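Participant: Provided herewith: final01.cif, mmCIF, C-alpha atoms.
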```cif
data_my_file
#
loop_
_atom_site.group_PDB
_atom_site.id
_atom_site.type_symbol
_atom_site.label_atom_id
_atom_site.label_comp_id
_atom_site.auth_asym_id
_atom_site.auth_seq_id
_atom_site.Cartn_x
_atom_site.Cartn_y
_atom_site.Cartn_z
ATOM 1 C CA MET A 186 6.476 0.945 -12.225
ATOM 2 C CA THR A 187 7.274 -2.409 -13.769
ATOM 3 C CA GLY A 188 5.641 -5.476 -12.249
ATOM 4 C CA THR A 189 3.810 -5.736 -8.949
ATOM 5 C CA LYS A 190 5.412 -4.647 -5.690
ATOM 6 C CA ASN A 191 4.353 -6.990 -2.855
ATOM 7 C CA ILE A 192 4.800 -5.547 0.618
ATOM 8 C CA ALA A 193 3.934 -6.965 4.043
ATOM 9 C CA ILE A 194 3.398 -4.538 6.917
ATOM 10 C CA TYR A 195 3.555 -6.139 10.353
ATOM 11 C CA GLY A 196 2.878 -4.698 13.781
ATOM 12 C CA LYS A 197 1.627 -5.496 17.236
ATOM 13 C CA GLY A 198 -2.143 -5.364 17.645
ATOM 14 C CA GLY A 199 -3.272 -1.820 18.404
ATOM 15 C CA ILE A 200 -0.020 -0.208 17.290
ATOM 16 C CA GLY A 201 -1.614 1.444 14.260
ATOM 17 C CA LYS A 202 -0.556 -0.920 11.470
ATOM 18 C CA SER A 203 -3.989 -0.939 9.820
ATOM 19 C CA THR A 204 -4.242 2.847 10.094
ATOM 20 C CA THR A 205 -0.787 3.125 8.559
ATOM 21 C CA THR A 206 -1.413 0.536 5.839
ATOM 22 C CA SER A 207 -4.763 1.986 4.766
ATOM 23 C CA ASN A 208 -3.313 5.507 4.608
ATOM 24 C CA ILE A 209 -0.410 4.228 2.501
ATOM 25 C CA SER A 210 -2.917 2.494 0.206
ATOM 26 C CA ALA A 211 -4.968 5.681 -0.060
ATOM 27 C CA ALA A 212 -1.881 7.773 -0.822
ATOM 28 C CA LEU A 213 -0.673 5.316 -3.469
ATOM 29 C CA ALA A 214 -4.106 5.157 -5.116
ATOM 30 C CA ASP A 215 -4.321 8.955 -5.021
ATOM 31 C CA SER A 216 -1.042 9.067 -6.963
ATOM 32 C CA GLY A 217 -2.545 6.942 -9.722
ATOM 33 C CA LEU A 218 -1.350 3.457 -8.779
ATOM 34 C CA LYS A 219 -3.591 0.377 -8.709
ATOM 35 C CA VAL A 220 -3.530 -1.017 -5.179
ATOM 36 C CA ILE A 221 -4.790 -4.149 -3.450
ATOM 37 C CA GLN A 222 -4.871 -4.197 0.353
ATOM 38 C CA ILE A 223 -5.228 -7.580 2.028
ATOM 39 C CA GLY A 224 -6.106 -7.589 5.714
ATOM 40 C CA CYS A 225 -4.389 -10.523 7.408
ATOM 41 C CA ASP A 226 -5.824 -10.026 10.874
ATOM 42 C CA PRO A 227 -8.635 -12.152 12.352
ATOM 43 C CA LYS A 228 -10.517 -8.947 13.284
ATOM 44 C CA SER A 229 -11.089 -8.304 9.566
ATOM 45 C CA ASP A 230 -11.002 -4.532 10.013
ATOM 46 C CA SER A 231 -7.908 -3.620 8.017
ATOM 47 C CA THR A 232 -9.828 -2.051 5.135
ATOM 48 C CA ASN A 233 -12.706 -0.401 7.050
ATOM 49 C CA ASN A 234 -11.303 3.114 6.735
ATOM 50 C CA LEU A 235 -11.019 2.719 2.988
ATOM 51 C CA ARG A 236 -14.757 1.972 2.826
ATOM 52 C CA GLY A 237 -16.438 4.570 5.001
ATOM 53 C CA GLY A 238 -16.064 2.462 8.141
ATOM 54 C CA LYS A 239 -17.947 -0.467 6.636
ATOM 55 C CA SER A 240 -16.613 -3.996 7.038
ATOM 56 C CA ILE A 241 -16.592 -6.527 4.215
ATOM 57 C CA PRO A 242 -17.137 -10.299 4.181
ATOM 58 C CA SER A 243 -13.860 -12.140 4.626
ATOM 59 C CA VAL A 244 -12.393 -14.929 2.539
ATOM 60 C CA LEU A 245 -13.046 -17.385 5.367
ATOM 61 C CA ASP A 246 -16.667 -16.144 5.575
ATOM 62 C CA ALA A 247 -17.059 -16.925 1.881
ATOM 63 C CA ILE A 248 -15.479 -20.373 2.248
ATOM 64 C CA ARG A 249 -17.640 -21.205 5.282
ATOM 65 C CA SER A 250 -20.811 -20.294 3.388
ATOM 66 C CA GLY A 251 -20.441 -23.541 1.436
ATOM 67 C CA LYS A 252 -21.233 -21.770 -1.841
ATOM 68 C CA LYS A 253 -18.942 -21.483 -4.817
ATOM 69 C CA VAL A 254 -16.747 -18.452 -4.148
ATOM 70 C CA GLU A 255 -16.655 -15.830 -6.891
ATOM 71 C CA ILE A 256 -14.206 -12.935 -7.134
ATOM 72 C CA GLU A 257 -16.947 -10.409 -6.324
ATOM 73 C CA ASP A 258 -17.607 -12.266 -3.054
ATOM 74 C CA ILE A 259 -14.173 -11.414 -1.681
ATOM 75 C CA VAL A 260 -12.914 -8.298 -3.522
ATOM 76 C CA TYR A 261 -14.490 -4.914 -2.768
ATOM 77 C CA GLU A 262 -13.602 -1.436 -3.991
ATOM 78 C CA GLY A 263 -12.624 1.303 -1.564
ATOM 79 C CA PHE A 264 -11.339 4.879 -1.642
ATOM 80 C CA GLY A 265 -9.448 5.783 -4.799
ATOM 81 C CA GLY A 266 -10.218 2.410 -6.328
ATOM 82 C CA VAL A 267 -8.203 0.461 -3.733
ATOM 83 C CA LEU A 268 -9.273 -3.178 -3.945
ATOM 84 C CA CYS A 269 -9.996 -4.469 -0.448
ATOM 85 C CA ILE A 270 -9.739 -8.082 0.739
ATOM 86 C CA GLU A 271 -10.002 -9.451 4.281
ATOM 87 C CA ALA A 272 -8.586 -12.894 5.052
ATOM 88 C CA GLY A 273 -10.687 -13.269 8.199
ATOM 89 C CA GLY A 274 -10.298 -15.664 11.076
ATOM 90 C CA PRO A 275 -11.869 -18.799 12.549
ATOM 91 C CA GLU A 276 -15.056 -18.855 14.543
ATOM 92 C CA PRO A 277 -14.392 -17.843 18.181
ATOM 93 C CA GLY A 278 -12.733 -20.642 20.123
ATOM 94 C CA VAL A 279 -12.194 -22.803 17.060
ATOM 95 C CA GLY A 280 -9.053 -23.264 15.015
ATOM 96 C CA CYS A 281 -5.934 -21.196 14.374
ATOM 97 C CA ALA A 282 -6.144 -17.472 13.696
ATOM 98 C CA GLY A 283 -3.395 -17.747 11.099
ATOM 99 C CA ARG A 284 -5.450 -20.192 9.048
ATOM 100 C CA GLY A 285 -7.323 -17.313 7.441
ATOM 101 C CA ILE A 286 -4.144 -16.054 5.813
ATOM 102 C CA ILE A 287 -3.244 -19.490 4.460
ATOM 103 C CA ALA A 288 -6.755 -20.055 3.096
ATOM 104 C CA ALA A 289 -7.003 -16.536 1.681
ATOM 105 C CA ILE A 290 -3.719 -16.631 -0.186
ATOM 106 C CA GLU A 291 -4.490 -20.083 -1.589
ATOM 107 C CA LEU A 292 -7.925 -18.948 -2.802
ATOM 108 C CA LEU A 293 -6.549 -15.723 -4.295
ATOM 109 C CA ARG A 294 -4.071 -17.804 -6.256
ATOM 110 C CA GLN A 295 -6.765 -20.206 -7.425
ATOM 111 C CA LYS A 296 -8.983 -17.324 -8.563
ATOM 112 C CA LYS A 297 -6.017 -15.620 -10.266
ATOM 113 C CA ILE A 298 -6.889 -12.360 -8.532
ATOM 114 C CA PHE A 299 -3.526 -10.769 -9.261
ATOM 115 C CA GLU A 300 -3.619 -11.768 -12.922
ATOM 116 C CA GLU A 301 -7.170 -10.427 -13.166
ATOM 117 C CA TYR A 302 -6.515 -6.989 -11.626
ATOM 118 C CA LYS A 303 -2.798 -6.541 -12.401
ATOM 119 C CA PRO A 304 -2.084 -4.312 -9.384
ATOM 120 C CA ASP A 305 0.961 -2.073 -9.128
ATOM 121 C CA VAL A 306 1.164 -2.667 -5.374
ATOM 122 C CA VAL A 307 -0.196 -5.326 -3.017
ATOM 123 C CA LEU A 308 -0.099 -4.476 0.681
ATOM 124 C CA TYR A 309 -0.511 -7.260 3.254
ATOM 125 C CA ASP A 310 -1.570 -5.905 6.656
ATOM 126 C CA VAL A 311 -0.408 -8.612 9.068
ATOM 127 C CA LEU A 312 -0.813 -9.047 12.818
ATOM 128 C CA GLY A 313 2.706 -9.098 14.232
ATOM 129 C CA ASP A 314 2.191 -10.200 17.834
ATOM 130 C CA VAL A 315 3.100 -13.760 16.878
ATOM 131 C CA VAL A 316 5.188 -14.613 13.828
ATOM 132 C CA CYS A 317 4.215 -18.256 13.421
ATOM 133 C CA GLY A 318 2.000 -20.492 11.315
ATOM 134 C CA GLY A 319 -0.278 -18.505 9.050
ATOM 135 C CA PHE A 320 1.042 -15.146 10.175
ATOM 136 C CA SER A 321 4.476 -15.989 8.796
ATOM 137 C CA VAL A 322 3.155 -16.976 5.347
ATOM 138 C CA PRO A 323 3.818 -13.551 3.752
ATOM 139 C CA ILE A 324 7.442 -13.890 4.913
ATOM 140 C CA ARG A 325 8.287 -17.548 4.428
ATOM 141 C CA GLU A 326 6.489 -18.407 1.199
ATOM 142 C CA GLY A 327 7.700 -15.581 -0.994
ATOM 143 C CA VAL A 328 4.290 -13.887 -0.992
ATOM 144 C CA ALA A 329 5.909 -10.528 -0.201
ATOM 145 C CA GLU A 330 9.343 -9.359 -1.263
ATOM 146 C CA GLN A 331 9.664 -6.585 1.298
ATOM 147 C CA VAL A 332 8.625 -6.359 4.932
ATOM 148 C CA TYR A 333 8.061 -3.292 7.097
ATOM 149 C CA THR A 334 7.082 -3.131 10.741
ATOM 150 C CA VAL A 335 5.071 -0.471 12.507
ATOM 151 C CA THR A 336 6.298 0.172 16.029
ATOM 152 C CA SER A 337 6.236 2.822 18.703
ATOM 153 C CA ALA A 338 8.683 3.443 21.522
ATOM 154 C CA ASP A 339 6.630 1.208 23.850
ATOM 155 C CA PHE A 340 8.483 -1.921 24.914
ATOM 156 C CA MET A 341 5.834 -4.454 23.831
ATOM 157 C CA ALA A 342 5.731 -2.929 20.341
ATOM 158 C CA VAL A 343 9.531 -3.126 20.156
ATOM 159 C CA TYR A 344 9.370 -6.707 21.495
ATOM 160 C CA ALA A 345 6.968 -7.675 18.681
ATOM 161 C CA ALA A 346 9.223 -5.997 16.108
ATOM 162 C CA ASN A 347 12.247 -7.894 17.416
ATOM 163 C CA ASN A 348 10.305 -11.176 17.120
ATOM 164 C CA LEU A 349 9.474 -10.295 13.527
ATOM 165 C CA PHE A 350 13.180 -9.804 12.847
ATOM 166 C CA LYS A 351 13.802 -13.302 14.188
ATOM 167 C CA GLY A 352 11.218 -14.707 11.775
ATOM 168 C CA ILE A 353 12.739 -12.890 8.798
ATOM 169 C CA LYS A 354 16.204 -14.096 9.740
ATOM 170 C CA LYS A 355 14.951 -17.680 10.083
ATOM 171 C CA TYR A 356 13.447 -17.821 6.585
ATOM 172 C CA ALA A 357 15.955 -15.579 4.769
ATOM 173 C CA ASN A 358 18.084 -18.457 3.508
ATOM 174 C CA SER A 359 15.117 -20.318 2.046
ATOM 175 C CA GLY A 360 13.790 -17.524 -0.151
ATOM 176 C CA GLY A 361 11.774 -15.668 2.475
ATOM 177 C CA ALA A 362 10.974 -11.952 2.325
ATOM 178 C CA LEU A 363 13.574 -9.503 3.563
ATOM 179 C CA PHE A 364 13.263 -6.422 5.718
ATOM 180 C CA SER A 365 13.004 -2.891 4.330
ATOM 181 C CA GLY A 366 12.386 -0.563 7.257
ATOM 182 C CA ILE A 367 10.745 0.473 10.520
ATOM 183 C CA ILE A 368 7.725 2.780 10.410
ATOM 184 C CA ALA A 369 7.998 4.664 13.697
ATOM 185 C CA ASN A 370 4.435 5.447 14.782
ATOM 186 C CA SER A 371 3.060 7.841 17.429
ATOM 187 C CA VAL A 372 6.337 9.748 17.635
ATOM 188 C CA SER A 373 5.235 12.815 19.587
ATOM 189 C CA LEU A 374 8.336 13.503 21.719
ATOM 190 C CA PRO A 375 12.076 13.614 20.919
ATOM 191 C CA ILE A 376 12.661 10.762 23.389
ATOM 192 C CA HIS A 377 10.364 8.479 21.356
ATOM 193 C CA LYS A 378 12.534 9.058 18.303
ATOM 194 C CA GLU A 379 15.708 8.451 20.340
ATOM 195 C CA ILE A 380 14.418 5.086 21.614
ATOM 196 C CA ILE A 381 13.344 3.840 18.183
ATOM 197 C CA ASP A 382 16.551 5.105 16.553
ATOM 198 C CA ASP A 383 18.604 3.245 19.132
ATOM 199 C CA PHE A 384 16.592 0.039 18.643
ATOM 200 C CA ALA A 385 17.195 0.321 14.891
ATOM 201 C CA ALA A 386 20.932 0.813 15.478
ATOM 202 C CA GLN A 387 21.055 -2.209 17.794
ATOM 203 C CA THR A 388 19.279 -4.456 15.258
ATOM 204 C CA GLY A 389 20.974 -3.209 12.089
ATOM 205 C CA THR A 390 17.742 -1.847 10.643
ATOM 206 C CA THR A 391 16.630 1.416 9.053
ATOM 207 C CA ILE A 392 13.806 3.889 9.643
ATOM 208 C CA ALA A 393 11.349 4.293 6.761
ATOM 209 C CA GLU A 394 9.479 7.228 8.296
ATOM 210 C CA TYR A 395 8.463 8.885 11.565
ATOM 211 C CA VAL A 396 4.693 9.228 11.871
ATOM 212 C CA PRO A 397 3.557 11.671 14.575
ATOM 213 C CA ARG A 398 0.519 11.214 16.754
ATOM 214 C CA SER A 399 -2.235 13.429 15.341
ATOM 215 C CA ILE A 400 -5.807 14.429 16.117
ATOM 216 C CA THR A 401 -6.407 14.239 12.356
ATOM 217 C CA ILE A 402 -6.244 10.445 12.610
ATOM 218 C CA THR A 403 -8.787 10.399 15.437
ATOM 219 C CA ARG A 404 -11.179 12.603 13.483
ATOM 220 C CA SER A 405 -10.770 10.707 10.217
ATOM 221 C CA GLU A 406 -11.259 7.282 11.793
ATOM 222 C CA LEU A 407 -14.394 8.442 13.619
ATOM 223 C CA ARG A 408 -15.744 9.084 10.121
ATOM 224 C CA GLY A 409 -14.449 5.749 8.839
ATOM 225 C CA GLN A 410 -11.899 7.386 6.564
ATOM 226 C CA THR A 411 -8.170 7.670 6.078
ATOM 227 C CA ALA A 412 -6.455 10.993 6.735
ATOM 228 C CA VAL A 413 -5.667 11.140 3.017
ATOM 229 C CA GLU A 414 -9.393 11.117 2.203
ATOM 230 C CA TYR A 415 -10.734 13.056 5.191
ATOM 231 C CA ASP A 416 -8.235 15.934 5.222
ATOM 232 C CA PRO A 417 -6.035 15.707 2.125
ATOM 233 C CA ASP A 418 -4.359 19.070 2.824
ATOM 234 C CA SER A 419 -3.338 18.160 6.390
ATOM 235 C CA GLU A 420 0.229 17.647 7.583
ATOM 236 C CA GLN A 421 -0.683 14.076 8.544
ATOM 237 C CA ALA A 422 -1.853 13.265 5.012
ATOM 238 C CA ASP A 423 1.437 14.652 3.713
ATOM 239 C CA VAL A 424 3.356 12.353 6.078
ATOM 240 C CA TYR A 425 1.588 9.324 4.590
ATOM 241 C CA ARG A 426 2.176 10.557 1.045
ATOM 242 C CA LYS A 427 5.867 10.936 1.835
ATOM 243 C CA LEU A 428 5.944 7.434 3.348
ATOM 244 C CA ALA A 429 4.074 5.913 0.384
ATOM 245 C CA LYS A 430 6.477 7.540 -2.061
ATOM 246 C CA ALA A 431 9.478 6.321 -0.057
ATOM 247 C CA ILE A 432 8.133 2.749 0.039
ATOM 248 C CA ILE A 433 7.682 2.683 -3.740
ATOM 249 C CA ALA A 434 11.219 3.996 -4.266
ATOM 250 C CA ASN A 435 12.838 1.835 -1.569
ATOM 251 C CA GLU A 436 14.721 -1.154 -2.929
ATOM 252 C CA LYS A 437 16.554 -1.948 0.326
ATOM 253 C CA LYS A 438 16.080 -5.600 1.294
ATOM 254 C CA TYR A 439 18.203 -7.070 4.058
ATOM 255 C CA VAL A 440 18.312 -9.448 7.001
ATOM 256 C CA PRO A 441 17.944 -7.683 10.367
ATOM 257 C CA ALA A 442 20.022 -8.608 13.414
ATOM 258 C CA PRO A 443 17.463 -9.305 16.173
ATOM 259 C CA LEU A 444 18.480 -9.078 19.803
ATOM 260 C CA ASP A 445 18.387 -12.264 21.854
ATOM 261 C CA ALA A 446 16.275 -12.372 25.011
ATOM 262 C CA GLU A 447 19.064 -11.169 27.287
ATOM 263 C CA GLY A 448 20.150 -8.507 24.828
ATOM 264 C CA LEU A 449 16.631 -7.092 24.524
ATOM 265 C CA LYS A 450 16.195 -7.150 28.304
ATOM 266 C CA GLY A 451 19.490 -5.333 28.793
ATOM 267 C CA TRP A 452 18.613 -2.769 26.140
ATOM 268 C CA ALA A 453 15.227 -2.077 27.770
ATOM 269 C CA GLU A 454 16.764 -1.742 31.230
ATOM 270 C CA SER A 455 19.384 0.703 29.944
ATOM 271 C CA TRP A 456 16.622 2.904 28.561
ATOM 272 C CA SER A 457 14.692 2.632 31.811
ATOM 273 C CA ASP A 458 17.770 3.937 33.640
ATOM 274 C CA ARG A 459 18.245 6.752 31.128
ATOM 275 C CA LEU A 460 14.620 7.836 31.424
ATOM 276 C CA LEU A 461 14.893 7.793 35.216
ATOM 277 C CA ASP A 462 18.031 9.943 35.035
ATOM 278 C CA LYS A 463 16.236 12.415 32.756
ATOM 279 C CA LYS A 464 13.307 12.558 35.176
ATOM 280 C CA GLU A 465 15.577 13.201 38.151
ATOM 281 C CA GLU A 466 17.517 15.817 36.211
ATOM 282 C CA GLY A 467 14.249 17.562 35.333
ATOM 283 C CA SER A 468 13.159 17.490 38.990
ATOM 284 C CA HIS A 469 16.464 19.025 40.109
ATOM 285 C CA GLN A 470 16.194 21.792 37.510
ATOM 286 C CA SER A 471 12.626 22.545 38.601
ATOM 287 C CA GLY A 472 13.770 22.658 42.225
ATOM 288 C CA ARG A 473 16.608 25.071 41.436
ATOM 289 C CA ALA A 474 14.248 27.304 39.467
ATOM 290 C CA ALA A 475 11.778 27.360 42.363
ATOM 291 C CA ALA A 476 14.532 28.186 44.868
ATOM 292 C CA ALA A 477 15.742 31.053 42.693
ATOM 293 C CA THR A 478 12.322 32.670 42.854
#
```
Take the structure in the file and write it out as structure tokens.
Facilitator:
Amino acid sequence: MTGTKNIAIYGKGGIGKSTTTSNISAALADSGLKVIQIGCDPKSDSTNNLRGGKSIPSVLDAIRSGKKVEIEDIVYEGFGGVLCIEAGGPEPGVGCAGRGIIAAIELLRQKKIFEEYKPDVVLYDVLGDVVCGGFSVPIREGVAEQVYTVTSADFMAVYAANNLFKGIKKYANSGGALFSGIIANSVSLPIHKEIIDDFAAQTGTTIAEYVPRSITITRSELRGQTAVEYDPDSEQADVYRKLAKAIIANEKKYVPAPLDAEGLKGWAESWSDRLLDKKEEGSHQSGRAAAAT
């Protein structure tokens, strides 16, 4: 690789973006690359599974301490040598959650973290429920060059992804990051794939990888590990290795075509009707089978 690849991975809270990001980091580090993962979520738990389930002090924690912040106060080593940083969030009930990202990125620049460590890849794990203020910094300020979103076939995850597309489109003409692909998570049934594929077709986007739901993830996270560390020979670990390799090779950068409110509503209703038809068709087939016996 030449230069540093800066990638932002967005997703609705609870959709599995941190699980996905940390497994990508682990897979990249396992392949010999130097990786920094920056958690841009107020929960500050993005990097836990790279560090045996242990949390680390956030950048905002360090700033609030009132002491001079040193690099070792905010950068911690995890599995495979992944360097872990958590932006953090405000104290409960005070301030904007996105402020942690703004403060973290500013401090990392001041401390010349990237010049110091010279990473091959920097992954920003960003909460994608709201693409505004601090949460849009990786897009609008040229922090990342490429953006991915983790989504499932659930409507609220798709809704969050569509909002992200709107943010990318808004800042595209002023040097903002561009989109590079959807990471389809928890794809356990053919219908899940059909829904996400159709959403991608409707928004002019591409699929980076399909990640199945797996008990391996449950087991690994109960141990505070990534699947790549916990069960390196598993099919799930291979999925993340394939995704990590694809992300490194992917040079696609484009502006998505988000659906407007009415368009998204109509799309969702059409899928609701299709799913209802499939259910009724299945009931009729079961009834005919029962009658035949």
Participant: Residues within 8 Å of Val260 of chain A, please, as a ChimeraX atom specification. Count only C-alpha atoms; anything in the same chain fewer than 3 positions from it doesn't count.
Facilitator: /A:256-257,268-270
Participant: Work out how far atom CA of Val328 of chain A is from atom CA of Arg236 of chain A, in Å to one decimal.
Facilitator: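 Value for the atom CA of Arg236 of chain A-atom CA of Val328 of chain A distance: 25.1 Å.
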Participant: So, with all atoms listed in the file as the atoms that count, which of A:Ile367, A:Ile400, A:Ile259, A:Val440 lies closest to Ser240 of chain A?
Facilitator: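 Residue with the minimum atom-to-atom distance to Ser240 of chain A: A:Ile259.
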Participant: As a check of understanding, name the residues that the PyMOL selection byres ((chain A and resi 217) around 12) selects in the supplied structure, as a PDB file with C-alpha atoms, keeping the file's coordinate frame.
Facilitator:
```
ATOM      1  CA  MET A 186       6.476   0.945 -12.225  1.00  0.00           C
ATOM      2  CA  SER A 210      -2.917   2.494   0.206  1.00  0.00           C
ATOM      3  CA  ALA A 211      -4.968   5.681  -0.060  1.00  0.00           C
ATOM      4  CA  ALA A 212      -1.881   7.773  -0.822  1.00  0.00           C
ATOM      5  CA  LEU A 213      -0.673   5.316  -3.469  1.00  0.00           C
ATOM      6  CA  ALA A 214      -4.106   5.157  -5.116  1.00  0.00           C
ATOM      7  CA  ASP A 215      -4.321   8.955  -5.021  1.00  0.00           C
ATOM      8  CA  SER A 216      -1.042   9.067  -6.963  1.00  0.00           C
ATOM      9  CA  LEU A 218      -1.350   3.457  -8.779  1.00  0.00           C
ATOM     10  CA  LYS A 219      -3.591   0.377  -8.709  1.00  0.00           C
ATOM     11  CA  VAL A 220      -3.530  -1.017  -5.179  1.00  0.00           C
ATOM     12  CA  GLY A 265      -9.448   5.783  -4.799  1.00  0.00           C
ATOM     13  CA  GLY A 266     -10.218   2.410  -6.328  1.00  0.00           C
ATOM     14  CA  VAL A 267      -8.203   0.461  -3.733  1.00  0.00           C
ATOM     15  CA  PRO A 304      -2.084  -4.312  -9.384  1.00  0.00           C
ATOM     16  CA  ASP A 305       0.961  -2.073  -9.128  1.00  0.00           C
ATOM     17  CA  VAL A 306       1.164  -2.667  -5.374  1.00  0.00           C
ATOM     18  CA  LYS A 430       6.477   7.540  -2.061  1.00  0.00           C
TER      19      LYS A 430
END
```
Participant: Evaluate the PyMOL selection byres ((chain A and resi 415) around 12) on the structure here and hand back the selected residues as a list in words.
Facilitator: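 Selection result, ordered by chain and number: Asn208, Ala211, Ala212, Asn234, Leu235, Gly237, Phe264, Thr401, Ile402, Thr403, Arg404, Ser405, Glu406, Leu407, Arg408, Gly409, Gln410, Thr411, Ala412, Val413, Glu414, Asp416, Pro417, Asp418, Ser419, Gln421 and Ala422 of chain A.
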Participant: Would you mind reading off the distance between atom CA of Ser321 of chain A and atom CA of Phe350 of chain A, one decimal, in Å?
Facilitator: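 Atom-to-atom, atom CA of Ser321 of chain A and atom CA of Phe350 of chain A are spaced 11.4 Å apart.
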Participant: Please, what distance in Å, to one decimal, runs between atom CA of Ala272 of chain A and atom CA of Val244 of chain A?
Facilitator: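 About the pair atom CA of Ala272 of chain A and atom CA of Val244 of chain A: they are 5.0 Å apart.
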Participant: Quick one: which residues end up in the PyMOL selection byres ((chain A and resi 291-299) around 9) for this structure, as a PyMOL selection string?
Facilitator: chain A and resi 189+221+244+254-256+260+286-290+300-304+307
Participant: Go through A:Gly327, A:Gly273, A:Pro441, A:Gly451 one by one, measure the shortest atom-to-atom distance of each to Leu312 of chain A using all atoms listed in the file, and give the residue with the smallest value.
Facilitator: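 Among the listed residues, the smallest separation from Leu312 of chain A belongs to A:Gly273.
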Participant: Looking at A:Ile380, A:Val332, A:Leu245, A:Cys225, which one is nearest to Val311 of chain A, with distances taken over all atoms listed in the file?
Facilitator: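 Checking each of A:Ile380, A:Val332, A:Leu245, A:Cys225 against Val311 of chain A, counting all atoms listed in the file, the winner is A:Cys225.
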Participant: For a quick check of understanding, using all atoms listed in the file, which of A:Lys463, A:Thr390, A:Ser365, A:Lys351 has the smallest distance to Asp445 of chain A?
Facilitator: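 Of all the options, A:Lys351 lies closest to Asp445 of chain A.
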Participant: Enumerate, in order of chain and increasing residue number, the residues of segment 334-363 of chain A with an atom no farther than 7 Å from segment 191-197 of chain A, each with its shortest atom pair and distance in Å to one decimal, counting all atoms listed in the file, as a Markdown table.
Facilitator:
```
| residue | atom | partner | partner_atom | distance |
| --- | --- | --- | --- | --- |
| A:Thr334 | CA | A:Tyr195 | CA | 4.7 |
| A:Val335 | CA | A:Gly196 | CA | 4.9 |
| A:Thr336 | CA | A:Gly196 | CA | 6.4 |
| A:Ala342 | CA | A:Lys197 | CA | 5.8 |
| A:Ala345 | CA | A:Lys197 | CA | 5.9 |
| A:Ala346 | CA | A:Gly196 | CA | 6.9 |
```
Participant: Restricted to C-alpha atoms, what would the selected residues look like written as a compact mmCIF listing (two decimals), in the coordinates of the input?
Facilitator:
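That gives us result.txt:
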```txt
# COMPACT_ATOMS: atom_id res chain seq x y z
CA THR A 334 7.08 -3.13 10.74
CA VAL A 335 5.07 -0.47 12.51
CA THR A 336 6.30 0.17 16.03
CA ALA A 342 5.73 -2.93 20.34
CA ALA A 345 6.97 -7.68 18.68
CA ALA A 346 9.22 -6.00 16.11
```
Participant: So, counting all atoms listed in the file, which residue among A:Asp314, A:Pro397, A:Ile324, A:Ile392 is closest to Pro375 of chain A?
Facilitator: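 With all atoms listed in the file as the atom set, the closest residue is A:Pro397.
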Participant: Which is closer to Ile368 of chain A than all the others in A:Asp246, A:Asp258, A:Asp382, A:Glu330, using all atoms listed in the file?
Facilitator: A:Asp382
